[in-house]
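Below is one structure; the comments refer to it alone.
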Amino acid sequence: MKKVIWIALLLCLVLNVSAELVDKIVARVGSEIILLSELERQIAQMRTANISEDLLEASEVLQHMVDQKLMVQKAREMDIKVDEDAIKKHAERYVQQIRAQYPSEADFQNDLAKMKFTQRDLEHFFAEQITENVLSEQLMDQYISKEVTISDAEMLSYYEATKDSMAVKPVTWELRMILREVKASEETGIAARETIDAIQARLAAGEDFAELASSQSDCPSSQQGGDLGYFKRGMMVKPFEDAAFALGIGEISPVVESQFGYHIIKVTDIRGEEVRASHILKTVEAGEADEEREMALMQSIRERILSGESFADLAAEYSTDPASAKDGGLIGEFSEAEFPELFAAPIMSSPVGIPTEVLKNEGLIYIFLRDKEIASRVYSFEEVKEQLKGFLTQSKTLEAYDAWIEEAKQDSFIEISL
């Protein structure tokens, strides 16, 4: 299927024999021409890209091609430069991507041969298309777009004239949140330390390091007997690095604590500024008991809210999300469509002013509250200022482009014979 698709794409990009026999010139732009086959190819490409049929009228597409060719000519007259090496490499990469869709090099070359096309021809075609696009874009950026400016006064005037017909902001709510992260308790950390101490005692009693790493370590390196390979300073977390580089070959470290848990390290080789080490890791991870503890705490917080205590005060005291905790759990103003998708249903099912049930996802536990309801209204100027700027900039750029094209046409020979 992929092969057929790419063959179809290539066929859209080249002139076949029958097209050459009936081809004719449909436009002249300066010293250059546009052939009927080129116009048909352009329409076919646009149709393949699902462009609306309303925009595929031959005369309109041809006019666009004339404008594009005129822009490229003017760009060259203005000595706008392109990076030919970069364009050549980009075209070559594009051809390689096409070739990669074929089951074999022979299949790719056979299809090219059937179309009387070489790989170099294909690369040249794409390079020409990319060059034209780059020249047009640079011309727009340097001589048209940069001349367009939009003032605050223009935006405000447009807003005042159109605000009654602008999109209406839907009903929104101030959304508050209390977040708790399930972390390992002190008891969990103590249990991990006791486990690593027991492993160290077994090493002291003469058990093999690699065998214990294979059976006891929580690190993926356990599959290699704990071997981490060679590393230099700066490649490991500092507590681990300091301990490893303090050891001689064959020496085993005491228990080392890092952000990943507890380690026992053995240096197996030293090579210049590198050491080769193995380790046994016991991670300190939250367990079922830790989650149950946090769930119980959040349930009690919810009960306190239902009993009349302030959500904002409890968020400030208990939420582990510092950004919202300092604002009483406030995370912003949202419409129904803007709520976090995972929690939208429980948030909307809880009445305004009533906290949601305790919710959890991937080690995080939440309570949400739709606090203040804000009625539907027309967006304020400040709320839509950036969108207005984008819209007016685009509009004025198109006007400037149309004016530039019309002026350029006055100075150029253009003949359309479609």
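Starting from 1 in every chain, residues are counted up; chains themselves are A, B, ... following the order of the structure tokens, and ligands are numbered from 1 as listed.
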Could you produce a table of the residues of region 134-246 of chain A lying within 9 Å of region 394-402 of chain A, with the nearest pair of atoms per residue and their separation in Å rounded to one decimal, using only C-alpha atoms, ordered by chain and increasing residue number, as CSV?
residue,atom,partner,partner_atom,distance
A:Met140,CA,A:Tyr401,CA,7.8
A:Ile144,CA,A:Ala400,CA,6.4
A:Ser145,CA,A:Thr397,CA,5.7
A:Lys146,CA,A:Thr397,CA,8.9
A:Glu147,CA,A:Thr397,CA,8.5
A:Val148,CA,A:Thr397,CA,6.3
A:Thr149,CA,A:Lys396,CA,8.4
A:Ile150,CA,A:Lys396,CA,8.6
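All residues in region 69-255 of chain A with a DSSP state of strand (DSSP E), computed from the backbone, read A:Val168, A:Lys169, A:Thr172, A:Trp173, A:Glu174, A:Leu175, A:Arg176, A:Met177, A:Ile178, A:Leu179, A:Arg180, A:Glu181, A:Asp227, A:Leu228, A:Gly229, A:Tyr230, A:Phe231.
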How many Å separate CA of Ser221 (chain A) from CA of Glu291 (chain A)?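 Taking CA of Ser221 (chain A) as the start and CA of Glu291 (chain A) as the end point, the length is 28.0 Å.
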Residues near Lys24 (chain A), anyone? I mean within 12 Å using only C-alpha atoms, not counting same-chain ones fewer than 3 positions away, as a PyMOL selection string. chain A and resi 19-21+27-28+33-40+416-418
Please produce an output containing N, CA and C atoms for each residue in the selection, written as a short mmCIF file (atom, residue, chain, number, x, y, z; two decimals), in the first residue's frame.
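See selection16.cif below for the written result:
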data_model
loop_
_atom_site.label_atom_id
_atom_site.label_comp_id
_atom_site.auth_asym_id
_atom_site.auth_seq_id
_atom_site.Cartn_x
_atom_site.Cartn_y
_atom_site.Cartn_z
N ALA A 19 1.09 13.54 -21.49
CA ALA A 19 0.92 14.95 -21.17
C ALA A 19 1.81 15.81 -22.05
N GLU A 20 3.03 15.33 -22.33
CA GLU A 20 3.94 16.09 -23.17
C GLU A 20 3.38 16.29 -24.57
N LEU A 21 2.66 15.27 -25.06
CA LEU A 21 2.16 15.32 -26.43
C LEU A 21 1.08 16.38 -26.60
N ALA A 27 0.51 30.30 -19.45
CA ALA A 27 0.86 31.61 -18.91
C ALA A 27 2.33 31.89 -19.16
N ARG A 28 2.64 33.18 -19.33
CA ARG A 28 4.02 33.65 -19.42
C ARG A 28 4.22 34.69 -18.33
N ILE A 33 7.66 30.37 -18.50
CA ILE A 33 6.33 29.92 -18.91
C ILE A 33 5.77 28.96 -17.87
N ILE A 34 4.44 28.81 -17.91
CA ILE A 34 3.75 27.79 -17.11
C ILE A 34 2.98 26.93 -18.10
N LEU A 35 3.21 25.62 -18.03
CA LEU A 35 2.56 24.68 -18.94
C LEU A 35 1.25 24.17 -18.35
N LEU A 36 0.36 23.73 -19.24
CA LEU A 36 -0.90 23.14 -18.80
C LEU A 36 -0.65 21.96 -17.89
N SER A 37 0.36 21.16 -18.23
CA SER A 37 0.66 19.98 -17.41
C SER A 37 1.09 20.38 -16.00
N GLU A 38 1.80 21.51 -15.88
CA GLU A 38 2.21 22.00 -14.56
C GLU A 38 0.98 22.42 -13.75
N LEU A 39 0.05 23.09 -14.41
CA LEU A 39 -1.18 23.50 -13.74
C LEU A 39 -1.97 22.30 -13.28
N GLU A 40 -2.10 21.29 -14.15
CA GLU A 40 -2.84 20.08 -13.77
C GLU A 40 -2.16 19.35 -12.62
N ILE A 416 -1.72 35.51 -19.68
CA ILE A 416 -2.44 34.29 -19.30
C ILE A 416 -3.34 33.89 -20.47
N SER A 417 -3.22 32.63 -20.90
CA SER A 417 -3.96 32.18 -22.06
C SER A 417 -4.71 30.89 -21.78
N LEU A 418 -5.26 30.79 -20.60
CA LEU A 418 -6.02 29.58 -20.23
C LEU A 418 -7.44 29.67 -20.79
#
So which residues of region 45-187 of chain A fall under alpha helix (DSSP H) by DSSP, listed as a PyMOL selection string? chain A and resi 45-48+58-77+84-99+105-114+119-139+152-162+186-187
File dump, residues just selected, C-alpha atoms, as a PDB file, in the first residue's frame:
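The file below, result09.pdb, is the result:
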ATOM      1  CA  GLN A  45      -1.310  17.898  -5.574  1.00  0.00           C
ATOM      2  CA  MET A  46      -3.779  20.244  -3.905  1.00  0.00           C
ATOM      3  CA  ARG A  47      -6.560  17.670  -4.239  1.00  0.00           C
ATOM      4  CA  THR A  48      -4.289  15.000  -2.722  1.00  0.00           C
ATOM      5  CA  ALA A  58      -8.098  26.180 -12.646  1.00  0.00           C
ATOM      6  CA  SER A  59      -8.045  29.943 -13.250  1.00  0.00           C
ATOM      7  CA  GLU A  60      -7.555  30.680  -9.544  1.00  0.00           C
ATOM      8  CA  VAL A  61      -4.817  28.069  -9.132  1.00  0.00           C
ATOM      9  CA  LEU A  62      -3.066  29.416 -12.224  1.00  0.00           C
ATOM     10  CA  GLN A  63      -3.237  32.964 -10.856  1.00  0.00           C
ATOM     11  CA  HIS A  64      -1.590  31.747  -7.652  1.00  0.00           C
ATOM     12  CA  MET A  65       1.154  30.040  -9.691  1.00  0.00           C
ATOM     13  CA  VAL A  66       1.726  33.262 -11.633  1.00  0.00           C
ATOM     14  CA  ASP A  67       1.987  35.243  -8.395  1.00  0.00           C
ATOM     15  CA  GLN A  68       4.409  32.677  -6.956  1.00  0.00           C
ATOM     16  CA  LYS A  69       6.629  32.758 -10.027  1.00  0.00           C
ATOM     17  CA  LEU A  70       6.564  36.551 -10.010  1.00  0.00           C
ATOM     18  CA  MET A  71       7.617  36.637  -6.360  1.00  0.00           C
ATOM     19  CA  VAL A  72      10.525  34.291  -7.062  1.00  0.00           C
ATOM     20  CA  GLN A  73      11.664  36.430  -9.992  1.00  0.00           C
ATOM     21  CA  LYS A  74      11.492  39.595  -7.896  1.00  0.00           C
ATOM     22  CA  ALA A  75      13.350  37.891  -5.048  1.00  0.00           C
ATOM     23  CA  ARG A  76      16.161  36.993  -7.411  1.00  0.00           C
ATOM     24  CA  GLU A  77      16.205  40.534  -8.836  1.00  0.00           C
ATOM     25  CA  GLU A  84      21.940  26.135  -1.797  1.00  0.00           C
ATOM     26  CA  ASP A  85      23.894  23.457   0.074  1.00  0.00           C
ATOM     27  CA  ALA A  86      21.231  23.237   2.790  1.00  0.00           C
ATOM     28  CA  ILE A  87      18.464  23.068   0.171  1.00  0.00           C
ATOM     29  CA  LYS A  88      20.326  20.343  -1.743  1.00  0.00           C
ATOM     30  CA  LYS A  89      20.720  18.282   1.443  1.00  0.00           C
ATOM     31  CA  HIS A  90      17.065  18.790   2.341  1.00  0.00           C
ATOM     32  CA  ALA A  91      15.980  17.618  -1.119  1.00  0.00           C
ATOM     33  CA  GLU A  92      18.265  14.577  -0.852  1.00  0.00           C
ATOM     34  CA  ARG A  93      16.787  13.710   2.571  1.00  0.00           C
ATOM     35  CA  TYR A  94      13.282  13.966   1.153  1.00  0.00           C
ATOM     36  CA  VAL A  95      14.163  11.566  -1.659  1.00  0.00           C
ATOM     37  CA  GLN A  96      15.720   9.200   0.882  1.00  0.00           C
ATOM     38  CA  GLN A  97      12.484   9.257   2.872  1.00  0.00           C
ATOM     39  CA  ILE A  98      10.570   8.294  -0.273  1.00  0.00           C
ATOM     40  CA  ARG A  99      13.049   5.550  -1.108  1.00  0.00           C
ATOM     41  CA  GLU A 105      16.443  -0.347  -3.818  1.00  0.00           C
ATOM     42  CA  ALA A 106      15.602  -2.255  -7.005  1.00  0.00           C
ATOM     43  CA  ASP A 107      11.875  -1.535  -6.593  1.00  0.00           C
ATOM     44  CA  PHE A 108      12.594   2.160  -6.145  1.00  0.00           C
ATOM     45  CA  GLN A 109      14.857   2.359  -9.199  1.00  0.00           C
ATOM     46  CA  ASN A 110      12.385   0.370 -11.311  1.00  0.00           C
ATOM     47  CA  ASP A 111       9.590   2.834 -10.565  1.00  0.00           C
ATOM     48  CA  LEU A 112      11.850   5.748 -11.417  1.00  0.00           C
ATOM     49  CA  ALA A 113      12.778   4.062 -14.710  1.00  0.00           C
ATOM     50  CA  LYS A 114       9.111   3.494 -15.589  1.00  0.00           C
ATOM     51  CA  GLN A 119      17.062   9.942  -8.733  1.00  0.00           C
ATOM     52  CA  ARG A 120      19.070  13.047  -9.649  1.00  0.00           C
ATOM     53  CA  ASP A 121      16.036  14.391 -11.549  1.00  0.00           C
ATOM     54  CA  LEU A 122      13.882  13.847  -8.474  1.00  0.00           C
ATOM     55  CA  GLU A 123      16.381  15.575  -6.195  1.00  0.00           C
ATOM     56  CA  HIS A 124      16.619  18.489  -8.652  1.00  0.00           C
ATOM     57  CA  PHE A 125      12.828  18.822  -8.774  1.00  0.00           C
ATOM     58  CA  PHE A 126      12.504  18.972  -4.995  1.00  0.00           C
ATOM     59  CA  ALA A 127      15.431  21.397  -4.736  1.00  0.00           C
ATOM     60  CA  GLU A 128      13.686  23.752  -7.173  1.00  0.00           C
ATOM     61  CA  GLN A 129      10.432  23.595  -5.206  1.00  0.00           C
ATOM     62  CA  ILE A 130      12.189  24.244  -1.899  1.00  0.00           C
ATOM     63  CA  THR A 131      14.209  27.107  -3.414  1.00  0.00           C
ATOM     64  CA  GLU A 132      11.057  28.792  -4.703  1.00  0.00           C
ATOM     65  CA  ASN A 133       9.387  28.472  -1.311  1.00  0.00           C
ATOM     66  CA  VAL A 134      12.408  29.853   0.553  1.00  0.00           C
ATOM     67  CA  LEU A 135      12.785  32.804  -1.823  1.00  0.00           C
ATOM     68  CA  SER A 136       9.097  33.660  -1.491  1.00  0.00           C
ATOM     69  CA  GLU A 137       9.205  33.423   2.307  1.00  0.00           C
ATOM     70  CA  GLN A 138      12.294  35.623   2.545  1.00  0.00           C
ATOM     71  CA  LEU A 139      10.738  38.198   0.241  1.00  0.00           C
ATOM     72  CA  ASP A 152      -2.950  49.285  20.438  1.00  0.00           C
ATOM     73  CA  ALA A 153      -5.288  51.978  19.170  1.00  0.00           C
ATOM     74  CA  GLU A 154      -6.054  49.954  16.033  1.00  0.00           C
ATOM     75  CA  MET A 155      -6.742  46.845  18.084  1.00  0.00           C
ATOM     76  CA  LEU A 156      -8.986  48.704  20.518  1.00  0.00           C
ATOM     77  CA  SER A 157     -10.890  50.347  17.664  1.00  0.00           C
ATOM     78  CA  TYR A 158     -11.457  46.999  15.968  1.00  0.00           C
ATOM     79  CA  TYR A 159     -12.506  45.456  19.284  1.00  0.00           C
ATOM     80  CA  GLU A 160     -15.071  48.200  19.986  1.00  0.00           C
ATOM     81  CA  ALA A 161     -16.502  47.872  16.478  1.00  0.00           C
ATOM     82  CA  THR A 162     -16.843  44.093  16.540  1.00  0.00           C
ATOM     83  CA  GLU A 186      10.035   7.416  57.184  1.00  0.00           C
ATOM     84  CA  GLU A 187       9.165   3.818  58.000  1.00  0.00           C
TER      85      GLU A 187
END
Considering only C-alpha atoms, return as a compact mmCIF listing (two decimals) with N, CA and C atoms, in the first residue's frame whatever protein or nucleic-acid residues lie within 12 Å of Asp208 (chain A), sequence-local ones (same chain, fewer than 3 positions apart) excluded.
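The result, stored in result-v8.txt:
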# COMPACT_ATOMS: atom_id res chain seq x y z
N ILE A 199 22.27 -6.81 53.37
CA ILE A 199 23.04 -7.22 52.19
C ILE A 199 24.53 -6.98 52.43
N GLN A 200 24.85 -5.85 53.05
CA GLN A 200 26.26 -5.55 53.33
C GLN A 200 26.85 -6.58 54.29
N ALA A 201 26.04 -7.01 55.23
CA ALA A 201 26.52 -8.04 56.16
C ALA A 201 26.80 -9.35 55.42
N ARG A 202 26.00 -9.68 54.45
CA ARG A 202 26.22 -10.90 53.66
C ARG A 202 27.49 -10.78 52.83
N LEU A 203 27.76 -9.58 52.32
CA LEU A 203 29.02 -9.37 51.60
C LEU A 203 30.22 -9.55 52.54
N ALA A 204 30.10 -9.00 53.73
CA ALA A 204 31.19 -9.12 54.71
C ALA A 204 31.43 -10.57 55.09
N ALA A 205 30.36 -11.36 55.02
CA ALA A 205 30.49 -12.78 55.35
C ALA A 205 31.06 -13.59 54.20
N GLU A 211 26.55 -11.94 42.42
CA GLU A 211 25.38 -12.79 42.66
C GLU A 211 24.34 -12.05 43.50
N LEU A 212 24.80 -11.31 44.53
CA LEU A 212 23.85 -10.56 45.35
C LEU A 212 23.22 -9.41 44.55
N ALA A 213 24.00 -8.76 43.69
CA ALA A 213 23.45 -7.70 42.85
C ALA A 213 22.38 -8.27 41.93
N SER A 214 22.62 -9.44 41.37
CA SER A 214 21.65 -10.06 40.46
C SER A 214 20.34 -10.37 41.16
N SER A 215 20.41 -10.80 42.40
CA SER A 215 19.20 -11.25 43.11
C SER A 215 18.56 -10.18 43.98
N GLN A 216 19.34 -9.16 44.40
CA GLN A 216 18.82 -8.22 45.39
C GLN A 216 18.70 -6.77 44.91
N GLY A 225 24.91 -8.28 36.85
CA GLY A 225 25.59 -8.44 38.12
C GLY A 225 25.93 -7.11 38.76
N GLY A 226 25.16 -6.08 38.43
CA GLY A 226 25.38 -4.75 39.00
C GLY A 226 26.38 -3.90 38.26
N ILE A 252 35.03 -2.38 48.39
CA ILE A 252 33.58 -2.22 48.48
C ILE A 252 33.29 -1.08 49.45
N LYS A 266 31.13 -1.36 44.34
CA LYS A 266 32.39 -2.09 44.24
C LYS A 266 33.10 -1.63 42.97
N ILE A 280 24.91 -2.33 44.14
CA ILE A 280 23.64 -2.93 44.58
C ILE A 280 22.79 -1.77 45.07
Between CA of Leu281 (chain A) and CA of Phe240 (chain A), what is the distance, to one decimal in Å?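 Interatomic distance, CA of Leu281 (chain A) to CA of Phe240 (chain A): 11.0 Å.
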Any idea what's packed within 8 Å of Gly250 (chain A), counting only C-alpha atoms, ignoring anything in its chain fewer than 6 positions away? Could you give it as an MDAnalysis selection string? chainID A and resid 266:269
Under the rule that only C-alpha atoms are counted, which of A:Ile265, A:Ala286, A:Leu314, A:Ile365 is the nearest residue to Leu179 (chain A)?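 Of A:Ile265, A:Ala286, A:Leu314, A:Ile365, the one nearest Leu179 (chain A), counting only C-alpha atoms, is A:Ile365.
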For region 295-308 of chain A, please output as a ChimeraX atom specification all residues within 8 Å (counting only C-alpha atoms; exclusion window: fewer than 2 positions along the same chain). /A:180,291-293,310-311,314,354-355,357-358,365-367
If you count only C-alpha atoms, which residues fall within 12 Å of Ser335 (chain A), apart from same-chain ones fewer than 6 positions away, as a list in words?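 Those residues are Val168, Lys169, Pro170, Val171, Thr172, Trp173, Glu174, Leu175, Glu341, Ala344, Ile347, Met348, Arg370, Lys372, Glu373, Ile374, Ala375 and Ser376 of chain A.
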For a test of reading the model, state the distance in Å between CA of Leu56 (chain A) and CA of Thr393 (chain A), rounded to one decimal.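 Computing it gives 26.5 Å between the two atoms.
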